[in-house]
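query-v5.txt follows; it contains compact mmCIF, C-alpha atoms.
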```txt
# COMPACT_ATOMS: atom_id res chain seq x y z
CA MET W 12 29.93 91.99 -32.70
CA ASP W 13 30.14 95.40 -31.17
CA LEU W 14 31.43 96.22 -27.76
CA PHE W 15 28.09 95.40 -26.06
CA GLY W 16 27.82 91.93 -27.57
CA LYS W 17 25.27 92.88 -30.21
CA ASP W 18 25.57 91.72 -33.79
CA LYS W 19 26.06 94.78 -36.01
CA ASN W 20 24.87 92.87 -39.08
CA LYS W 21 21.58 91.87 -37.52
CA THR W 22 18.64 93.81 -38.93
CA ALA W 23 15.92 95.27 -36.77
CA PRO W 24 12.78 93.14 -36.56
CA THR W 25 10.10 94.08 -39.05
CA ALA W 26 6.51 94.68 -38.17
CA GLY W 27 4.73 91.40 -37.47
CA ALA W 28 2.12 89.76 -39.59
CA PRO W 29 -1.42 91.09 -39.30
CA THR W 30 -3.26 90.06 -36.15
CA ASP W 31 -6.27 87.78 -36.26
CA GLU W 32 -8.43 90.84 -35.53
CA GLN W 33 -6.95 92.70 -38.51
CA ASN W 34 -7.41 89.67 -40.76
CA LEU W 35 -11.02 89.27 -39.61
CA SER W 36 -11.73 92.95 -40.22
CA ALA W 37 -10.28 92.76 -43.73
CA LYS W 38 -12.33 89.66 -44.59
CA LYS W 39 -15.51 91.20 -43.14
CA GLN W 40 -14.98 94.08 -45.55
CA LYS W 41 -14.34 91.69 -48.43
CA TYR W 42 -17.50 89.70 -47.65
CA ALA W 43 -19.64 92.72 -46.69
CA ALA W 44 -21.97 92.19 -49.67
CA ALA W 45 -22.53 88.57 -48.65
CA LEU W 46 -23.21 89.57 -45.03
CA GLU W 47 -25.63 92.23 -46.26
CA ALA W 48 -27.35 89.65 -48.48
CA ALA W 49 -27.71 87.44 -45.40
CA SER W 50 -29.29 90.28 -43.48
CA LYS W 51 -31.67 91.21 -46.30
CA ASN W 52 -32.77 87.59 -46.64
CA GLN W 53 -33.33 87.08 -42.91
CA VAL W 54 -30.43 84.68 -42.54
CA ARG W 55 -29.57 84.51 -38.85
CA ILE W 56 -25.80 84.88 -38.58
CA GLU W 57 -24.60 82.75 -35.66
CA ASN W 58 -20.82 83.24 -35.95
CA VAL W 59 -18.41 85.49 -37.78
CA HIS W 60 -14.87 84.96 -36.52
CA TRP W 61 -11.31 84.07 -37.50
CA GLU W 62 -10.53 80.35 -37.37
CA ASN W 63 -7.66 78.34 -38.89
CA GLY W 64 -6.45 81.27 -41.00
CA LYS W 65 -9.88 81.91 -42.57
CA ILE W 66 -13.01 83.87 -41.82
CA LEU W 67 -15.77 81.57 -40.57
CA ILE W 68 -19.33 82.63 -41.30
CA ARG W 69 -22.02 80.36 -39.90
CA GLY W 70 -25.74 81.03 -40.18
CA GLN W 71 -29.21 79.66 -40.56
CA ALA W 72 -31.45 80.63 -43.47
CA PRO W 73 -35.24 80.65 -43.31
CA SER W 74 -35.40 79.00 -46.74
CA GLU W 75 -33.33 77.40 -49.47
CA GLU W 76 -34.00 80.48 -51.60
CA ALA W 77 -32.48 82.77 -48.93
CA LYS W 78 -29.46 80.47 -48.60
CA ASN W 79 -28.93 80.54 -52.38
CA LYS W 80 -29.05 84.35 -52.46
CA VAL W 81 -26.25 84.50 -49.88
CA TRP W 82 -24.20 82.00 -51.88
CA ASP W 83 -24.76 84.09 -55.02
CA ALA W 84 -23.28 87.09 -53.16
CA ILE W 85 -20.32 84.98 -51.98
CA LYS W 86 -19.67 83.78 -55.53
CA ALA W 87 -19.77 87.40 -56.75
CA VAL W 88 -16.92 88.19 -54.34
CA ASN W 89 -14.93 85.22 -55.67
CA PRO W 90 -15.77 84.92 -59.38
CA GLY W 91 -14.77 81.61 -60.92
CA GLN W 92 -14.56 79.79 -57.59
CA SER W 93 -17.22 77.36 -56.47
CA SER W 94 -16.02 77.76 -52.89
CA PRO W 95 -13.91 80.58 -51.43
CA GLN W 96 -10.34 79.72 -50.46
CA ASP W 97 -10.12 82.33 -47.69
CA ALA W 98 -13.41 81.57 -45.96
CA THR W 99 -15.40 78.78 -44.39
CA ILE W 100 -19.11 79.35 -45.01
CA GLU W 101 -21.69 77.19 -43.27
CA ILE W 102 -25.29 78.16 -43.96
CA SER W 103 -28.05 75.73 -43.15
CA VAL W 104 -31.79 75.96 -43.73
CA ALA W 105 -33.86 76.05 -40.56
CA LYS W 106 -35.69 72.78 -39.88
CA GLY W 107 -39.31 72.86 -40.90
CA GLN W 108 -38.57 75.76 -43.26
CA GLY W 109 -37.96 75.81 -46.96
CA GLY W 110 -40.78 78.04 -48.15
CA PRO W 111 -40.08 81.29 -49.95
CA ALA W 112 -38.09 83.94 -48.12
CA GLY W 113 -40.39 86.45 -46.51
CA ALA W 114 -42.94 83.80 -45.56
CA SER W 115 -41.99 84.46 -41.95
CA SER W 116 -44.74 85.94 -39.78
CA ALA W 117 -42.28 88.26 -38.02
CA PRO W 118 -42.11 91.73 -39.57
CA GLY W 119 -38.73 93.27 -40.36
CA ARG W 120 -35.40 91.56 -39.92
CA THR W 121 -33.21 90.34 -37.10
CA TYR W 122 -29.56 90.99 -36.42
CA THR W 123 -27.14 89.24 -34.08
CA VAL W 124 -24.97 91.75 -32.23
CA GLN W 125 -21.24 91.26 -32.85
CA ALA W 126 -18.34 92.37 -30.66
CA GLY W 127 -17.67 96.07 -31.24
CA ASP W 128 -21.20 96.85 -32.45
CA THR W 129 -23.20 99.88 -31.34
CA LEU W 130 -26.79 100.69 -32.20
CA SER W 131 -25.48 103.59 -34.30
CA LYS W 132 -23.20 101.25 -36.26
CA ILE W 133 -26.05 98.78 -36.81
CA SER W 134 -28.32 101.67 -37.82
CA LYS W 135 -25.75 102.82 -40.38
CA GLN W 136 -25.60 99.27 -41.79
CA PHE W 137 -29.38 98.91 -42.19
CA TYR W 138 -30.59 102.48 -42.77
CA GLY W 139 -27.49 104.32 -43.98
CA ASN W 140 -27.79 106.78 -41.09
CA THR W 141 -26.29 106.45 -37.61
CA ASN W 142 -28.97 108.75 -36.15
CA ASP W 143 -31.72 106.18 -36.77
CA TYR W 144 -30.46 104.02 -33.89
CA MET W 145 -33.56 104.86 -31.82
CA LYS W 146 -35.71 102.93 -34.33
CA ILE W 147 -33.78 99.81 -33.37
CA PHE W 148 -33.82 100.65 -29.66
CA ASN W 149 -37.58 101.28 -29.65
CA ALA W 150 -38.23 98.00 -31.49
CA ASN W 151 -36.22 96.12 -28.83
CA LYS W 152 -37.30 97.75 -25.57
CA ASP W 153 -38.27 94.29 -24.30
CA LYS W 154 -34.56 93.31 -24.53
CA LEU W 155 -32.75 96.61 -24.07
CA LYS W 156 -32.96 99.07 -21.21
CA ASP W 157 -30.25 101.45 -22.46
CA PRO W 158 -29.29 102.14 -26.11
CA ASP W 159 -25.62 102.23 -25.09
CA LYS W 160 -25.67 98.74 -23.54
CA ILE W 161 -25.87 95.95 -26.09
CA GLN W 162 -24.08 92.62 -25.84
CA PRO W 163 -22.56 90.33 -28.48
CA GLY W 164 -24.95 87.49 -29.26
CA GLN W 165 -28.13 89.49 -28.62
CA GLN W 166 -30.79 89.08 -31.32
CA LEU W 167 -32.24 92.47 -32.27
CA ASN W 168 -35.32 93.15 -34.35
CA ILE W 169 -34.58 95.59 -37.16
CA PRO W 170 -37.77 97.39 -38.19
CA ALA W 171 -38.33 98.29 -41.83
```
This entry written out as structure tokens:
Amino acid sequence: MDLFGKDKNKTAPTAGAPTDEQNLSAKKQKYAAALEAASKNQVRIENVHWENGKILIRGQAPSEEAKNKVWDAIKAVNPGQSSPQDATIEISVAKGQGGPAGASSAPGRTYTVQAGDTLSKISKQFYGNTNDYMKIFNANKDKLKDPDKIQPGQQLNIPA
């Protein structure tokens, strides 16, 4: 002990383990192809969050075919595993559905706004260009009054 009662041999604390937010962000990147497959196949993502040390992805597919395409993308991320060890994936098929994907009468796709999203970020995800955000805004004028004010949980139409 030194003169102030501190243990000289004690090492300084190291940086803590990653936060849940950091873990979630890393897993979203890892499973980006699966989330994109969900979007392309009109799977409505209901939840993407960190739970019990794993990413939880919960959604509803319009058909068994769409659900299988998402699972194919998940398996591509984790080759050789029938089920990922670092994720909980729950994708159900909408009741009364089961026909081929694309049989929906609604044109385009839908997207559920997540915390931290902006229309520019969503535009980049779907179109590859942040400046196309007005396409999304114009397609959702019935729900949005200002392109800068979107809320997590909102369902947005994504035009082709």
Distance query 12 Å from (-2.6, 87.6, -39.4) using only C-alpha atoms, result as a PyMOL selection string: chain W and resi 26-38+61-66
Test item: residues at most 12 Å from Ala105 (chain W), all atoms listed in the file, excluding those fewer than 5 positions along its chain, as a list of chain:residue names: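 Close residues of Ala105 (chain W): W:Gln53, W:Val54, W:Arg55, W:Gly70, W:Gln71, W:Ala72, W:Pro73, W:Ser74, W:Glu75, W:Glu76, W:Ala77, W:Lys78, W:Gly110, W:Ala112, W:Ser115.
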Axis-aligned box for all listed atoms of region 134-152 of chain W, 8 Å per side, centre and edges in Å to one decimal, as lines of an AutoDock Vina configuration file:
```
center_x = -31.9
center_y = 102.4
center_z = -34.8
size_x = 28.6
size_y = 28.6
size_z = 34.4
```
Straight-line distance linking CA of Ala48 (chain W) with CA of Gln162 (chain W), stated in Å to one decimal: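 According to the coordinates, CA of Ala48 (chain W) and CA of Gln162 (chain W) are separated by 23.1 Å.
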Coordinates-based distance that separates CA of Arg120 (chain W) from CA of Asn168 (chain W) (Å, one decimal):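 For CA of Asn168 (chain W) relative to CA of Arg120 (chain W), the distance reads 5.8 Å.
With only C-alpha atoms as the atoms that count, the minimum distance from Val59 (chain W) to the choices W:Thr141, W:Ser94, W:Asn79, W:Ala126 is reached by W:Ala126.
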Computed interatomic separation between CA of Thr123 (chain W) and CA of Ser50 (chain W) (Å): 9.7 Å
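Distances here use all atoms listed in the file; by that measure, the residue among W:Ile56, W:Ala150, W:Pro170, W:Ile161 closest to Lys132 (chain W) is W:Ile161.
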